[in-house]
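> Sharing final19.csv here; it has CSV, C-alpha atoms.
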```csv
chain,number,residue,atom,x,y,z
A,638,MET,CA,-17.5,-13.3,58.9
A,639,LEU,CA,-20.0,-15.2,56.8
A,640,GLN,CA,-17.6,-14.9,53.8
A,641,LEU,CA,-14.6,-16.0,55.9
A,642,THR,CA,-16.4,-19.1,57.4
A,643,ALA,CA,-18.6,-20.3,54.5
A,644,ASN,CA,-21.8,-18.9,56.1
A,645,SER,CA,-21.2,-20.1,59.7
A,646,GLY,CA,-24.0,-18.9,61.8
A,647,ALA,CA,-22.2,-19.9,65.0
A,648,ALA,CA,-19.1,-17.8,64.1
A,649,LEU,CA,-21.3,-14.8,63.3
A,650,GLY,CA,-23.1,-15.2,66.6
A,651,ILE,CA,-19.7,-15.3,68.5
A,652,THR,CA,-18.6,-12.1,66.7
A,653,THR,CA,-21.8,-10.4,67.8
A,654,GLY,CA,-21.5,-11.7,71.3
A,655,LEU,CA,-17.9,-10.5,71.7
A,656,GLN,CA,-18.8,-7.0,70.7
A,657,PHE,CA,-21.4,-6.8,73.5
A,658,LEU,CA,-19.6,-8.9,76.1
A,659,PRO,CA,-17.9,-5.9,77.7
A,660,PHE,CA,-21.4,-4.4,78.5
A,661,LEU,CA,-22.0,-7.5,80.7
A,662,LEU,CA,-18.5,-7.5,82.3
A,663,LEU,CA,-18.1,-3.7,82.9
A,664,GLY,CA,-21.6,-2.3,83.2
A,665,PRO,CA,-21.6,-1.3,86.8
A,666,PHE,CA,-18.0,0.2,86.7
A,667,SER,CA,-18.7,2.1,83.4
A,668,GLY,CA,-21.8,3.7,84.9
A,669,LEU,CA,-19.8,4.8,88.0
A,670,VAL,CA,-17.2,6.4,85.7
A,671,ALA,CA,-20.0,8.2,83.9
A,672,ASP,CA,-21.3,9.7,87.2
A,673,ARG,CA,-17.7,10.6,88.3
A,674,MET,CA,-16.3,12.2,85.1
A,675,PRO,CA,-17.4,15.1,83.0
A,676,LYS,CA,-19.4,13.3,80.3
A,677,ARG,CA,-18.3,15.6,77.5
A,678,LEU,CA,-14.7,14.7,78.2
A,679,LEU,CA,-15.5,11.0,78.7
A,680,LEU,CA,-17.4,10.8,75.4
A,681,GLN,CA,-14.4,12.2,73.5
A,682,ILE,CA,-12.2,9.5,75.0
A,683,THR,CA,-14.6,6.7,74.2
A,684,ASN,CA,-15.1,7.8,70.6
A,685,VAL,CA,-11.3,7.8,70.1
A,686,GLY,CA,-11.2,4.4,71.8
A,687,MET,CA,-13.8,3.1,69.3
A,688,ALA,CA,-12.1,4.7,66.4
A,689,ILE,CA,-8.7,2.9,67.0
A,690,PRO,CA,-9.9,-0.7,66.4
A,691,ALA,CA,-12.5,0.2,63.8
A,692,PRO,CA,-10.3,0.2,60.7
A,693,VAL,CA,-8.2,-2.9,61.6
A,694,PRO,CA,-10.5,-5.6,60.1
A,695,GLY,CA,-11.1,-3.4,57.1
A,696,LEU,CA,-7.3,-3.1,56.4
A,697,LEU,CA,-6.8,-6.8,56.8
A,698,ALA,CA,-9.7,-7.5,54.5
A,699,VAL,CA,-8.5,-5.1,51.8
A,700,THR,CA,-5.0,-6.5,51.9
A,701,GLY,CA,-6.3,-10.1,51.7
A,702,THR,CA,-4.9,-11.2,55.0
A,703,ALA,CA,-8.1,-11.3,57.1
A,704,GLN,CA,-8.6,-14.4,59.3
A,705,ILE,CA,-11.4,-15.3,61.7
A,706,TRP,CA,-9.5,-14.1,64.8
A,707,HIS,CA,-8.8,-10.8,63.1
A,708,VAL,CA,-12.5,-10.1,63.3
A,709,TYR,CA,-13.0,-11.5,66.9
A,710,VAL,CA,-10.3,-9.3,68.5
A,711,PRO,CA,-11.4,-5.8,67.1
A,712,ALA,CA,-15.0,-6.7,67.9
A,713,PHE,CA,-14.1,-7.2,71.5
A,714,VAL,CA,-11.9,-4.1,71.7
A,715,LEU,CA,-14.7,-2.0,70.1
A,716,GLY,CA,-17.1,-3.4,72.7
A,717,LEU,CA,-14.7,-2.3,75.6
A,718,ALA,CA,-14.9,1.4,74.5
A,719,SER,CA,-18.6,1.1,73.7
A,720,ALA,CA,-19.3,-0.2,77.3
A,721,PHE,CA,-18.0,3.1,78.7
A,722,ASP,CA,-19.6,5.2,75.9
A,723,ALA,CA,-23.2,4.1,76.2
A,724,PRO,CA,-24.1,5.2,79.8
A,725,ALA,CA,-22.3,8.5,79.4
A,726,ARG,CA,-24.0,9.2,76.0
A,727,GLN,CA,-27.4,8.2,77.3
A,728,SER,CA,-27.3,10.3,80.4
A,729,PHE,CA,-25.5,13.3,78.7
A,730,VAL,CA,-28.8,14.2,77.0
A,731,SER,CA,-30.2,15.7,80.2
A,732,GLU,CA,-27.2,18.1,80.4
A,733,ILE,CA,-27.6,19.7,76.9
A,734,VAL,CA,-31.4,20.5,76.8
A,735,ASP,CA,-33.8,22.4,79.1
A,736,PRO,CA,-35.9,20.4,81.5
A,737,GLU,CA,-39.1,21.0,79.5
A,738,ASP,CA,-37.5,19.5,76.4
A,739,LEU,CA,-36.0,16.4,78.1
A,740,THR,CA,-38.8,14.0,77.2
A,741,ASN,CA,-38.5,14.8,73.5
A,742,ALA,CA,-34.7,14.9,73.6
A,743,VAL,CA,-34.4,11.5,75.2
A,744,GLY,CA,-36.8,10.0,72.7
A,745,LEU,CA,-35.0,11.6,69.8
A,746,ASN,CA,-31.6,10.6,71.1
A,747,SER,CA,-32.6,7.0,71.6
A,748,ALA,CA,-34.4,6.9,68.3
A,749,SER,CA,-31.4,8.2,66.4
A,750,PHE,CA,-29.1,5.7,68.0
A,751,ASN,CA,-31.3,2.7,67.6
A,752,ALA,CA,-32.4,3.7,64.1
A,753,ALA,CA,-28.7,3.8,63.1
A,754,ARG,CA,-28.3,0.3,64.7
A,755,LEU,CA,-31.1,-1.0,62.4
A,756,VAL,CA,-30.3,1.1,59.3
A,757,GLY,CA,-26.5,0.7,59.4
A,758,PRO,CA,-26.3,-3.0,58.4
A,759,GLY,CA,-28.6,-2.3,55.4
A,760,ALA,CA,-26.6,0.7,54.2
A,761,ALA,CA,-23.4,-1.5,54.6
A,762,GLY,CA,-24.9,-4.2,52.5
A,763,LEU,CA,-25.8,-1.9,49.7
A,764,LEU,CA,-22.2,-0.4,49.7
A,765,ILE,CA,-20.7,-3.9,49.8
A,766,ALA,CA,-22.7,-4.8,46.7
A,767,ALA,CA,-21.8,-1.5,45.0
A,768,PHE,CA,-18.1,-2.3,45.6
A,769,GLY,CA,-18.5,-5.7,44.0
A,770,GLY,CA,-19.2,-7.9,46.9
A,771,GLY,CA,-16.8,-10.2,48.7
A,772,VAL,CA,-14.3,-9.8,51.6
A,773,VAL,CA,-12.4,-6.9,49.9
A,774,ALA,CA,-15.5,-4.9,49.3
A,775,THR,CA,-16.6,-5.5,52.9
A,776,GLY,CA,-13.2,-4.2,54.0
A,777,TRP,CA,-13.6,-0.9,52.2
A,778,VAL,CA,-17.0,-0.4,53.8
A,779,ILE,CA,-15.5,-1.1,57.3
A,780,LEU,CA,-12.9,1.6,56.5
A,781,ILE,CA,-15.6,4.1,55.6
A,782,ASN,CA,-17.3,3.4,58.9
A,783,ALA,CA,-14.0,4.0,60.8
A,784,VAL,CA,-13.9,7.6,59.4
A,785,SER,CA,-17.3,8.3,60.9
A,786,TYR,CA,-15.9,8.5,64.4
A,787,ILE,CA,-14.3,11.8,63.6
A,788,ALA,CA,-17.7,13.6,63.6
A,789,PRO,CA,-18.8,13.0,67.2
A,790,VAL,CA,-15.3,13.9,68.5
A,791,LEU,CA,-15.3,17.3,66.6
A,792,THR,CA,-18.9,18.0,67.7
A,793,LEU,CA,-18.2,17.4,71.4
A,794,ARG,CA,-15.0,19.6,71.2
A,795,ARG,CA,-17.1,22.5,69.7
A,796,MET,CA,-19.6,22.4,72.6
A,797,ASP,CA,-19.6,25.2,75.1
A,798,PRO,CA,-19.1,23.6,78.6
A,799,SER,CA,-20.6,26.7,80.3
A,800,ARG,CA,-23.9,26.0,78.7
A,801,LEU,CA,-24.2,22.4,80.0
A,802,ASP,CA,-26.5,21.7,82.9
A,803,SER,CA,-24.1,19.1,84.5
A,804,PRO,CA,-25.0,17.6,87.9
A,805,ALA,CA,-22.5,17.3,90.7
A,806,LEU,CA,-20.1,14.5,90.2
A,807,THR,CA,-20.5,11.4,92.4
A,808,HIS,CA,-18.3,11.4,95.5
A,809,ARG,CA,-15.4,9.0,95.5
A,810,GLY,CA,-15.8,6.4,98.2
A,811,PRO,CA,-16.9,2.8,98.8
A,812,GLY,CA,-20.4,1.7,98.1
A,813,ALA,CA,-21.2,3.8,95.0
A,814,ILE,CA,-21.8,0.9,92.7
A,815,ARG,CA,-23.8,-0.9,95.4
A,816,GLU,CA,-25.9,2.3,95.8
A,817,GLY,CA,-26.8,2.1,92.1
A,818,PHE,CA,-28.0,-1.5,92.4
A,819,ALA,CA,-29.9,-0.7,95.6
A,820,TYR,CA,-31.7,2.1,93.8
A,821,VAL,CA,-32.9,-0.1,90.9
A,822,ARG,CA,-33.7,-3.1,93.2
A,823,ALA,CA,-36.1,-0.9,95.1
A,824,ARG,CA,-37.8,0.4,92.0
A,825,SER,CA,-40.2,-2.3,90.7
A,826,ASP,CA,-41.2,-0.1,87.7
A,827,LEU,CA,-37.5,0.0,86.6
A,828,LEU,CA,-37.2,-3.8,87.1
A,829,LEU,CA,-40.1,-4.3,84.7
A,830,ILE,CA,-38.3,-2.3,82.0
A,831,LEU,CA,-35.1,-4.1,82.6
A,832,ALA,CA,-36.8,-7.5,82.3
A,833,ILE,CA,-38.5,-6.5,79.1
A,834,VAL,CA,-35.3,-5.2,77.4
A,835,PHE,CA,-33.4,-8.3,78.6
A,836,SER,CA,-36.0,-10.6,76.9
A,837,ALA,CA,-36.0,-8.6,73.7
A,838,GLY,CA,-32.3,-7.9,73.6
A,839,THR,CA,-31.3,-11.5,74.3
A,840,PHE,CA,-33.7,-13.4,72.0
A,841,GLY,CA,-35.4,-11.0,69.6
A,842,LEU,CA,-33.1,-8.1,68.7
A,843,ASN,CA,-30.6,-10.2,66.6
A,844,PHE,CA,-31.9,-9.0,63.3
A,845,GLN,CA,-28.4,-8.0,62.1
A,846,MET,CA,-27.5,-11.6,62.2
A,847,THR,CA,-30.8,-13.3,61.5
A,848,SER,CA,-31.5,-11.3,58.3
A,849,ALA,CA,-28.0,-12.2,57.0
A,850,LEU,CA,-28.7,-15.9,57.5
A,851,MET,CA,-32.2,-15.6,56.0
A,852,ALA,CA,-30.9,-13.8,52.9
A,853,THR,CA,-28.1,-16.2,52.3
A,854,GLU,CA,-29.3,-19.6,53.6
A,855,VAL,CA,-33.1,-19.5,53.0
A,856,PHE,CA,-33.6,-17.2,50.0
A,857,HIS,CA,-30.1,-17.7,48.5
A,858,LYS,CA,-29.6,-14.0,47.9
A,859,GLY,CA,-26.4,-11.8,47.7
A,860,PRO,CA,-25.2,-8.6,49.3
A,861,THR,CA,-27.6,-6.4,47.4
A,862,GLN,CA,-30.7,-8.2,48.6
A,863,TYR,CA,-29.3,-8.4,52.1
A,864,GLY,CA,-28.8,-4.7,52.0
A,865,LEU,CA,-32.4,-4.2,51.1
A,866,LEU,CA,-33.4,-6.2,54.2
A,867,GLY,CA,-31.7,-3.5,56.2
A,868,THR,CA,-33.3,-0.7,54.2
A,869,PHE,CA,-36.9,-1.9,54.5
A,870,PRO,CA,-36.8,-1.9,58.4
A,871,ALA,CA,-35.5,1.6,58.1
A,872,VAL,CA,-38.9,2.8,56.9
A,873,GLY,CA,-40.4,1.5,60.1
A,874,SER,CA,-37.5,2.8,62.2
A,875,LEU,CA,-37.9,6.3,60.8
A,876,SER,CA,-41.6,6.2,61.6
A,877,GLY,CA,-40.8,5.0,65.1
A,878,ALA,CA,-38.2,7.8,65.5
A,879,LEU,CA,-40.6,10.5,64.6
A,880,LEU,CA,-43.2,9.1,66.9
A,881,ALA,CA,-40.7,8.9,69.8
A,882,ALA,CA,-39.5,12.4,69.3
A,883,GLY,CA,-43.0,13.8,69.5
A,884,ARG,CA,-44.1,11.7,72.5
A,885,GLU,CA,-44.7,13.8,75.6
A,886,ARG,CA,-45.1,11.0,78.1
A,887,VAL,CA,-43.9,7.4,78.3
A,888,ARG,CA,-45.9,4.8,80.2
A,889,GLN,CA,-45.1,1.2,81.2
A,890,ARG,CA,-48.0,0.1,79.0
A,891,LEU,CA,-46.4,1.4,75.8
A,892,VAL,CA,-43.2,-0.6,76.6
A,893,ILE,CA,-45.1,-3.8,77.2
A,894,VAL,CA,-47.3,-3.5,74.1
A,895,ALA,CA,-44.4,-2.6,71.8
A,896,GLY,CA,-42.5,-5.6,73.1
A,897,LEU,CA,-45.3,-8.1,72.6
A,898,VAL,CA,-45.9,-6.7,69.1
A,899,PHE,CA,-42.2,-7.0,68.3
A,900,GLY,CA,-42.0,-10.6,69.5
A,901,GLY,CA,-45.1,-11.5,67.4
A,902,VAL,CA,-43.8,-9.9,64.2
A,903,VAL,CA,-40.3,-11.6,64.7
A,904,THR,CA,-42.0,-14.9,65.1
A,905,LEU,CA,-44.2,-14.3,62.0
A,906,SER,CA,-41.2,-13.3,59.9
A,907,GLY,CA,-39.7,-16.7,60.4
A,908,LEU,CA,-42.7,-18.3,58.7
A,909,MET,CA,-42.6,-16.1,55.6
A,910,PRO,CA,-42.5,-18.3,52.4
A,911,SER,CA,-40.6,-15.9,50.1
A,912,TYR,CA,-38.0,-13.2,50.1
A,913,LEU,CA,-40.6,-10.7,49.1
A,914,THR,CA,-43.1,-11.5,51.9
A,915,PHE,CA,-40.2,-11.5,54.4
A,916,ALA,CA,-39.0,-8.1,53.2
A,917,LEU,CA,-42.5,-6.6,53.3
A,918,LEU,CA,-42.8,-7.6,57.0
A,919,THR,CA,-39.5,-6.0,58.0
A,920,PRO,CA,-40.8,-2.4,58.3
A,921,LEU,CA,-43.1,-3.7,61.1
A,922,ILE,CA,-40.0,-5.2,62.8
A,923,GLY,CA,-38.3,-1.8,62.5
A,924,LEU,CA,-41.3,0.1,63.9
A,925,SER,CA,-42.0,-2.2,66.8
A,926,ALA,CA,-38.3,-2.6,67.7
A,927,LEU,CA,-37.6,1.1,67.7
A,928,THR,CA,-40.8,1.9,69.7
A,929,LEU,CA,-39.9,-0.7,72.3
A,930,ILE,CA,-36.3,0.5,72.6
A,931,THR,CA,-36.9,4.2,72.6
A,932,SER,CA,-39.8,4.0,75.1
A,933,ALA,CA,-37.9,1.7,77.4
A,934,ASN,CA,-34.8,4.0,77.3
A,935,ALA,CA,-36.9,7.1,77.8
A,936,TYR,CA,-38.7,5.6,80.8
A,937,MET,CA,-35.5,4.7,82.5
A,938,GLN,CA,-34.0,8.2,82.0
A,939,LEU,CA,-37.1,10.2,82.9
A,940,HIS,CA,-37.8,8.2,86.0
A,941,THR,CA,-34.3,8.2,87.4
A,942,GLU,CA,-32.7,10.8,89.6
A,943,PRO,CA,-29.7,12.7,88.1
A,944,GLY,CA,-27.2,11.6,90.7
A,945,VAL,CA,-27.5,7.9,89.8
A,946,ARG,CA,-28.6,8.2,86.2
A,947,GLY,CA,-25.2,7.2,84.8
A,948,ARG,CA,-25.1,4.0,87.0
A,949,VAL,CA,-28.8,3.2,86.2
A,950,MET,CA,-28.3,3.6,82.4
A,951,ALA,CA,-25.1,1.5,82.6
A,952,LEU,CA,-27.2,-1.3,84.3
A,953,TYR,CA,-29.8,-0.8,81.6
A,954,MET,CA,-27.2,-1.1,78.8
A,955,MET,CA,-25.6,-4.1,80.6
A,956,ILE,CA,-28.9,-6.0,80.6
A,957,PHE,CA,-30.1,-4.8,77.2
A,958,MET,CA,-26.8,-5.4,75.3
A,959,GLY,CA,-25.2,-7.8,77.8
A,960,GLY,CA,-27.7,-10.5,76.9
A,961,THR,CA,-26.4,-10.5,73.4
A,962,PRO,CA,-23.2,-12.6,74.3
A,963,VAL,CA,-25.6,-15.3,75.5
A,964,GLY,CA,-28.4,-15.0,72.9
A,965,ALA,CA,-26.4,-14.3,69.7
A,966,PRO,CA,-24.2,-17.4,69.8
A,967,MET,CA,-27.1,-19.5,70.8
A,968,ILE,CA,-29.3,-18.2,68.0
A,969,GLY,CA,-26.4,-18.5,65.6
A,970,TRP,CA,-25.9,-22.2,66.6
A,971,ILE,CA,-29.7,-22.9,66.2
A,972,GLY,CA,-29.6,-21.4,62.8
A,973,GLU,CA,-26.6,-23.5,61.8
A,974,ALA,CA,-28.1,-26.7,63.2
A,975,PHE,CA,-31.8,-26.4,62.4
A,976,GLY,CA,-32.0,-23.7,59.7
A,977,ALA,CA,-32.1,-19.9,59.6
A,978,ARG,CA,-35.8,-19.7,60.1
A,979,TRP,CA,-35.3,-21.1,63.6
A,980,THR,CA,-33.2,-18.1,64.5
A,981,LEU,CA,-36.5,-16.0,64.3
A,982,ILE,CA,-39.3,-18.3,65.5
A,983,PRO,CA,-38.0,-19.3,69.0
A,984,GLY,CA,-36.4,-15.8,69.4
A,985,GLY,CA,-39.8,-14.1,68.9
A,986,LEU,CA,-41.6,-16.7,71.2
A,987,LEU,CA,-39.1,-16.3,74.0
A,988,THR,CA,-39.4,-12.6,73.8
A,989,ILE,CA,-43.2,-12.8,74.2
A,990,ALA,CA,-42.8,-15.2,77.1
A,991,GLY,CA,-40.3,-13.1,78.9
A,992,ILE,CA,-42.3,-9.9,78.5
A,993,SER,CA,-45.5,-11.6,79.6
A,994,LEU,CA,-43.8,-13.0,82.8
A,995,ALA,CA,-42.3,-9.7,83.6
A,996,SER,CA,-45.6,-7.9,83.2
A,997,LEU,CA,-47.3,-10.3,85.6
A,998,LEU,CA,-44.6,-9.8,88.2
A,999,PHE,CA,-44.0,-6.0,88.0
A,1000,ALA,CA,-46.6,-4.1,85.9
A,1001,GLY,CA,-48.3,-1.3,87.7
A,1002,SER,CA,-46.0,-1.4,90.8
A,1003,LYS,CA,-44.4,1.7,92.3
A,1004,GLY,CA,-40.8,2.2,93.4
A,1005,VAL,CA,-39.1,4.4,96.0
A,1006,THR,CA,-36.8,7.3,95.4
A,1007,LEU,CA,-33.1,7.7,96.3
A,1008,ALA,CA,-34.2,10.1,99.0
A,1009,GLN,CA,-36.3,7.4,100.6
A,1010,LEU,CA,-33.4,4.9,100.4
A,1011,HIS,CA,-30.9,7.3,102.0
A,1012,PRO,CA,-32.9,10.0,103.8
A,1013,GLN,CA,-29.9,10.9,105.9
A,1014,GLN,CA,-27.9,11.8,102.8
A,1015,VAL,CA,-30.5,14.1,101.3
A,1016,PRO,CA,-31.4,17.7,102.4
A,1017,GLN,CA,-34.7,17.9,104.2
A,1018,GLU,CA,-36.5,19.9,101.5
A,1019,SER,CA,-35.4,17.3,98.9
A,1020,ALA,CA,-36.5,14.4,100.9
A,1021,ALA,CA,-39.9,16.0,101.4
```
Kindly transcribe the structure held in the file into structure tokens.

Amino acid sequence: MLQLTANSGAALGITTGLQFLPFLLLGPFSGLVADRMPKRLLLQITNVGMAIPAPVPGLLAVTGTAQIWHVYVPAFVLGLASAFDAPARQSFVSEIVDPEDLTNAVGLNSASFNAARLVGPGAAGLLIAAFGGGVVATGWVILINAVSYIAPVLTLRRMDPSRLDSPALTHRGPGAIREGFAYVRARSDLLLILAIVFSAGTFGLNFQMTSALMATEVFHKGPTQYGLLGTFPAVGSLSGALLAAGRERVRQRLVIVAGLVFGGVVTLSGLMPSYLTFALLTPLIGLSALTLITSANAYMQLHTEPGVRGRVMALYMMIFMGGTPVGAPMIGWIGEAFGARWTLIPGGLLTIAGISLASLLFAGSKGVTLAQLHPQQVPQESAA
């Protein structure tokens, strides 16, 4: 998009926003689908749905026919499939491991997903440079990415359904979506996590866009140097992934501290005077971001009852990624109007402000369970 629009930060922000807009529009419904369908089947469908639009911009770029709207449309279609994939994938973890391994499995699953989110742009930048740079080189990398969707589909098909610990599917009837909202609204501890990830996701976690603008506009670097800006955070991301996988408990305090550190490092990165100092700070961004995301994700899953986990995780993803359609275009416009540094400084400060306010409102509070919300619908021994 930067190459098609002469480095337009606003256009890049719109592209990012379109990819995550379906999370905002379809979050509650996609969570209900995750609770009503076998997740193994649903994940196969969503991966095929993501694979279909994935190669389109690559083919157009390689053939030299790519236009701006050719990027916008596949980004939105990809987001539609992703909106249904995310809650099913997140809550599927509890079905494929024993209860005693759930904490580690949730941490490892979240770490691998979010590490890929941070590492992917860096690997793509290196490949684009290796292919000679430019729109055509970018197209070949997009096509390589499209092939990757084969792996999860084949893996899911090879799973033995009889070995899955699948909960009973949610009954079909009115009020199921409303029940999910009521469950979260009555849980102040979950509201705290949602407020934190909204602040970080909307204002701070736009590194895919901000690093591209910093590399091209501030430091006047090419695809290779941009690729390195994705590789350096991977060092921190890997450390965060290993820590998350070995963590036995997740507390609210960890989510709060990780979020504040992340906001501070993002703000500081916007003040770095050179490409080298900026690059050296990015591992801290990767470490703090991954710690924040994995701990928040794990807390939501481990403190949510299985019968509503799909709807709760859909709401989590809706708030976490659904803020991107608001934050990314705004951050992109700020970068275009005031300079790339200002995509980082206010983003970090707003992240700190949002987390601080959420902590004052919700930290340390306790929530109720689904049984307490609907005691008449729960067996007496479960309610007790």
> For the contact check between stretch 642-747 of chain A and stretch 817-828 of chain A, emit one row per residue of stretch 642-747 of chain A within 12 Å, containing the shortest atom pair and the distance in Å rounded to one decimal, counting all atoms listed in the file, chain then rising number order, as a Markdown table.

```
| residue | atom | partner | partner_atom | distance |
| --- | --- | --- | --- | --- |
| A:Gly664 | CA | A:Gly817 | CA | 11.2 |
| A:Pro665 | CA | A:Gly817 | CA | 8.2 |
| A:Phe666 | CA | A:Gly817 | CA | 10.5 |
| A:Ser667 | CA | A:Gly817 | CA | 11.9 |
| A:Gly668 | CA | A:Gly817 | CA | 8.9 |
| A:Leu669 | CA | A:Gly817 | CA | 8.5 |
| A:Asp672 | CA | A:Gly817 | CA | 10.6 |
```
> With only C-alpha atoms as the counted atoms, please give the residues lying no more than 12 Å from A:Phe660, apart from itself and same-chain residues fewer than 4 positions off, as a ChimeraX atom specification.
/A:654-656,664-668,713-724,950-962
> What is the atom CA of A:Gly841 to atom CA of A:Pro983 distance in Å?
8.7 Å
> Quote the spacing between atom CA of A:Gly883 and atom CA of A:Val730 in Å to one decimal place.
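Separating atom CA of A:Gly883 from atom CA of A:Val730 is a distance of 16.1 Å.
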> For stretch 640-643 of chain A, list every protein, DNA or RNA residue within 8 Å, evaluated using only C-alpha atoms, and leave out those in the same chain fewer than 5 positions away; present the list as a ChimeraX atom specification.
/A:648,704-705,771-772
> Output as a Markdown table one row per residue of stretch 883-919 of chain A within 9 Å of stretch 830-839 of chain A: the closest atom pair and its distance in Å to one decimal place, counting only C-alpha atoms, sorted by chain and residue number ascending.

```
| residue | atom | partner | partner_atom | distance |
| --- | --- | --- | --- | --- |
| A:Gln889 | CA | A:Ile830 | CA | 7.7 |
| A:Val892 | CA | A:Ile830 | CA | 7.5 |
| A:Ile893 | CA | A:Ile833 | CA | 7.4 |
| A:Gly896 | CA | A:Ala837 | CA | 7.2 |
| A:Phe899 | CA | A:Ala837 | CA | 8.4 |
| A:Gly900 | CA | A:Ala837 | CA | 7.6 |
```
> Go ahead and write the residues just picked, C-alpha atoms, as a PDB file, keeping the file's coordinate frame.

```pdb
ATOM      1  CA  GLN A 889     -45.100   1.200  81.200  1.00  0.00           C
ATOM      2  CA  VAL A 892     -43.200  -0.600  76.600  1.00  0.00           C
ATOM      3  CA  ILE A 893     -45.100  -3.800  77.200  1.00  0.00           C
ATOM      4  CA  GLY A 896     -42.500  -5.600  73.100  1.00  0.00           C
ATOM      5  CA  PHE A 899     -42.200  -7.000  68.300  1.00  0.00           C
ATOM      6  CA  GLY A 900     -42.000 -10.600  69.500  1.00  0.00           C
TER       7      GLY A 900
END
```
> Which is closer to A:Val756 than all the others in A:Phe975, A:Phe729, A:Phe869, A:Tyr936, using all atoms listed in the file?
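Nearest candidate to A:Val756 out of A:Phe975, A:Phe729, A:Phe869, A:Tyr936: A:Phe869.
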> Which residues are close to stretch 909-920 of chain A, i.e. within 10 Å by all atoms listed in the file, leaving aside same-chain residues fewer than 6 positions away? Reply as a ChimeraX atom specification.
/A:844,848,851-852,855-858,862-863,865-876,902-903,926,978
> Which value, in Å to one decimal, gives the distance between atom CA of A:Phe750 and atom CA of A:Asn934?
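It comes out at 11.0 Å.
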> From the set A:Ala767, A:Thr653, A:Leu997, A:Glu885, which residue has the shortest atom-to-atom contact distance to A:Glu737, counting all atoms listed in the file?
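Once distances to A:Glu737 are computed over all atoms listed in the file, the minimum belongs to A:Glu885.
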> Looking at A:Ala849, A:Val734, A:Ala995, A:Ile982, which one is nearest to A:Ser645, with distances taken over only C-alpha atoms?
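That would be A:Ala849, the residue with the smallest distance to A:Ser645.
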> Restricting the calculation to only C-alpha atoms, which member of A:Arg890, A:His707, A:Arg677, A:Arg795 is positioned closest to A:Ser728?
A:Arg677
> Residues within 7 Å of A:Thr980, please, as a list in words. Count all atoms listed in the file; anything in the same chain fewer than 2 positions from it doesn't count.
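Counting all atoms listed in the file, the residues come to Thr847, Ile968, Gly969, Ile971, Gly972, Ala977, Arg978, Ile982, Pro983 and Gly984 of chain A.
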> Smallest atom-to-atom distance to A:Gly776: which of A:Ala698, A:Leu981, A:Leu639, A:Ala691, using all atoms listed in the file?
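Looking only at the distances to A:Gly776, the closest residue turns out to be A:Ala698.
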> Using only C-alpha atoms, which residue out of A:Trp970, A:Leu842, A:Gly859, A:Ile733 lies closest to A:Gly762?
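Under the stated criterion, the closest residue is A:Gly859.
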